[in-house]
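Shown next, in structure tokens, is the structure this report addresses.
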Amino acid sequence: MRLTLAAFAIAAAFPALADTPITPEAFEAHVTGKTVTYRQFDSIFGIEEYLPDRKVRWSVAPNECQYGSWYPQDDDICFVYEYDPTPACWTFWLKNGALVALSVTSAPGEELYEVSADDTPLPCPGPDVGV
């Protein structure tokens with residue numbers, strides 16, 4: 001009985017964790033061709049542009065982008081970037097039509113939330129522009 005109450009309390013505190021993770025196919029359909037802005041807590045965490053063939057551009061600062069790709073691994077979506085080949089894996093859910101994500105290395109309560117999605121490309125100048 002205690003385990004059931006604990007599971008209920010966790011699900012109530014972190015509703016995304018009670019949902020089934022999004023499938024890789026549903027994730028791909030939701031993001032491809034979009035630029036998604038994520039927030040964590042009360043701040044913008046970053047912006048990711050989802051390109052064809054599971055390619056991405058990620059930015060945490062204006063005009064600074066990292067290029068990479070994503071792939072499914074079990075129930076997670078993993079990302080690798082050009083300057084860091086170590087996979088960063090996340091569990092994604094859809095909540096009211098928007099993505100919620102939790103890194104596999106993070107604790108419940110540290111989720112990212114999709115705050116906007118549009119088809120505007122990230123402003124990513126090429127490397128060494130203006131140098």
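Each chain of the structure tokens is named A, B, ... in the order shown, its residues numbered from 1; ligands are numbered from 1 in display order.
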Would you kindly return, as number ranges by chain, each protein, DNA or RNA residue with an atom no farther than 9 Å from any atom of A:Val31, considering only C-alpha atoms and excluding same-chain residues fewer than 3 positions away? A: 26-28, 34-36, 49-51, 117
Leaving out A:Ser69 and any residue of its chain fewer than 3 positions from it, which residues lie within 6 Å of it when counting only C-alpha atoms, given as a list of chain:residue names?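 My reading of the contact set: A:Arg54, A:Lys55, A:Val56, A:Phe79, A:Val80.
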If we count only C-alpha atoms, what is near A:Tyr83 at a cut-off of 12 Å, once residues fewer than 4 positions away on the same chain are taken out, given as an mmCIF file with N, CA and C atoms, in the first residue's frame?
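This went into result_0.cif:
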data_model
loop_
_atom_site.group_PDB
_atom_site.id
_atom_site.type_symbol
_atom_site.label_atom_id
_atom_site.label_comp_id
_atom_site.auth_asym_id
_atom_site.auth_seq_id
_atom_site.Cartn_x
_atom_site.Cartn_y
_atom_site.Cartn_z
ATOM 1 N N TRP A 58 21.265 23.371 -32.199
ATOM 2 C CA TRP A 58 20.939 23.696 -30.807
ATOM 3 C C TRP A 58 21.614 25.000 -30.447
ATOM 4 N N CYS A 65 25.523 28.263 -32.373
ATOM 5 C CA CYS A 65 24.806 27.020 -32.610
ATOM 6 C C CYS A 65 25.738 25.821 -32.602
ATOM 7 N N GLN A 66 25.193 24.713 -32.165
ATOM 8 C CA GLN A 66 25.877 23.432 -32.258
ATOM 9 C C GLN A 66 25.051 22.562 -33.202
ATOM 10 N N TYR A 67 25.737 21.841 -34.058
ATOM 11 C CA TYR A 67 25.067 20.960 -35.006
ATOM 12 C C TYR A 67 25.168 19.532 -34.507
ATOM 13 N N GLY A 68 24.108 18.777 -34.723
ATOM 14 C CA GLY A 68 24.109 17.394 -34.272
ATOM 15 C C GLY A 68 23.008 16.593 -34.916
ATOM 16 N N SER A 69 22.678 15.496 -34.253
ATOM 17 C CA SER A 69 21.604 14.632 -34.730
ATOM 18 C C SER A 69 20.967 13.936 -33.533
ATOM 19 N N PHE A 79 20.688 12.702 -28.246
ATOM 20 C CA PHE A 79 21.284 13.708 -29.113
ATOM 21 C C PHE A 79 22.798 13.621 -29.007
ATOM 22 N N PRO A 87 26.430 10.963 -25.971
ATOM 23 C CA PRO A 87 24.980 11.124 -26.125
ATOM 24 C C PRO A 87 24.341 11.795 -24.914
#
Two-atom distance - atom CA of A:Ala107, atom CA of A:Asp19 (Å):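 One can read the atom CA of A:Ala107 to atom CA of A:Asp19 distance as 16.2 Å.
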A:Leu99: which residues within 8 Å, counting only C-alpha atoms, same-chain residues fewer than 4 positions away excluded, as a short mmCIF file (atom, residue, chain, number, x, y, z; two decimals) with N, CA and C atoms, in the first residue's frame?
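Written output follows (out_29.cif):
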data_model
loop_
_atom_site.label_atom_id
_atom_site.label_comp_id
_atom_site.auth_asym_id
_atom_site.auth_seq_id
_atom_site.Cartn_x
_atom_site.Cartn_y
_atom_site.Cartn_z
N PHE A 92 10.83 11.99 -23.55
CA PHE A 92 9.88 13.03 -23.97
C PHE A 92 8.46 12.53 -23.81
N TRP A 93 7.58 13.46 -23.42
CA TRP A 93 6.15 13.21 -23.36
C TRP A 93 5.45 14.35 -24.08
N LEU A 94 4.25 14.10 -24.55
CA LEU A 94 3.39 15.18 -25.03
C LEU A 94 2.36 15.47 -23.95
N LYS A 95 2.28 16.72 -23.57
CA LYS A 95 1.32 17.15 -22.56
C LYS A 95 0.56 18.35 -23.13
N TYR A 113 10.19 22.23 -20.77
CA TYR A 113 8.86 22.39 -21.33
C TYR A 113 8.94 23.18 -22.63
N GLU A 114 8.27 22.69 -23.65
CA GLU A 114 8.16 23.41 -24.92
C GLU A 114 7.29 24.63 -24.67
#
DSSP strand (DSSP E) residues within chain A, as a PyMOL selection string: chain A and resi 35-40+43-51+55-61+64-73+76-81+84-95+98-103+112-118
Expected file contents, prior selection, C-alpha atoms, as a CSV table (one decimal), in the first residue's frame:
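The result, written out as out-v9.csv:
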chain,number,residue,atom,x,y,z
A,35,THR,CA,12.3,25.4,-34.1
A,36,VAL,CA,11.3,24.6,-30.5
A,37,THR,CA,12.1,26.8,-27.5
A,38,TYR,CA,12.4,25.0,-24.2
A,39,ARG,CA,12.2,26.5,-20.7
A,40,GLN,CA,13.3,24.9,-17.4
A,43,SER,CA,14.1,30.6,-17.7
A,44,ILE,CA,14.7,29.7,-21.4
A,45,PHE,CA,16.9,26.6,-21.4
A,46,GLY,CA,17.6,26.7,-25.2
A,47,ILE,CA,16.3,26.5,-28.7
A,48,GLU,CA,16.5,23.5,-31.0
A,49,GLU,CA,15.9,23.5,-34.7
A,50,TYR,CA,14.8,20.1,-36.0
A,51,LEU,CA,16.0,19.5,-39.6
A,55,LYS,CA,19.6,16.5,-37.8
A,56,VAL,CA,19.5,19.4,-35.3
A,57,ARG,CA,20.8,22.8,-34.5
A,58,TRP,CA,20.9,23.7,-30.8
A,59,SER,CA,21.5,27.1,-29.3
A,60,VAL,CA,21.7,28.4,-25.8
A,61,ALA,CA,23.0,31.9,-26.8
A,64,GLU,CA,25.9,30.4,-31.3
A,65,CYS,CA,24.8,27.0,-32.6
A,66,GLN,CA,25.9,23.4,-32.3
A,67,TYR,CA,25.1,21.0,-35.0
A,68,GLY,CA,24.1,17.4,-34.3
A,69,SER,CA,21.6,14.6,-34.7
A,70,TRP,CA,19.1,12.6,-32.7
A,71,TYR,CA,18.2,8.9,-32.6
A,72,PRO,CA,15.9,6.7,-30.6
A,73,GLN,CA,17.2,4.5,-27.8
A,76,ASP,CA,14.4,7.8,-25.0
A,77,ILE,CA,15.6,10.3,-27.6
A,78,CYS,CA,19.3,10.8,-27.6
A,79,PHE,CA,21.3,13.7,-29.1
A,80,VAL,CA,24.9,13.9,-30.2
A,81,TYR,CA,26.6,17.2,-31.2
A,84,ASP,CA,30.7,16.5,-27.9
A,85,PRO,CA,29.9,13.0,-29.2
A,86,THR,CA,28.7,11.8,-25.7
A,87,PRO,CA,25.0,11.1,-26.1
A,88,ALA,CA,22.6,13.3,-24.2
A,89,CYS,CA,19.4,11.2,-23.7
A,90,TRP,CA,16.0,12.5,-22.8
A,91,THR,CA,12.6,11.0,-22.2
A,92,PHE,CA,9.9,13.0,-24.0
A,93,TRP,CA,6.1,13.2,-23.4
A,94,LEU,CA,3.4,15.2,-25.0
A,95,LYS,CA,1.3,17.2,-22.6
A,98,ALA,CA,3.5,20.4,-26.2
A,99,LEU,CA,6.7,18.5,-25.4
A,100,VAL,CA,7.9,17.8,-21.9
A,101,ALA,CA,11.4,16.3,-21.5
A,102,LEU,CA,13.5,15.0,-18.7
A,103,SER,CA,17.1,14.1,-19.1
A,112,LEU,CA,12.1,21.0,-19.9
A,113,TYR,CA,8.9,22.4,-21.3
A,114,GLU,CA,8.2,23.4,-24.9
A,115,VAL,CA,7.1,27.0,-24.8
A,116,SER,CA,6.9,27.7,-28.5
A,117,ALA,CA,7.4,26.0,-31.9
A,118,ASP,CA,7.5,27.6,-35.3
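Between A:Pro125 and the candidates A:Pro62, A:Asp53, A:Asp42, A:Thr23, the tightest atom-to-atom separation, counting only C-alpha atoms, involves A:Pro62.
Distance-wise, atom CA of A:Leu122 and atom CA of A:Pro21 end up 26.9 Å apart.
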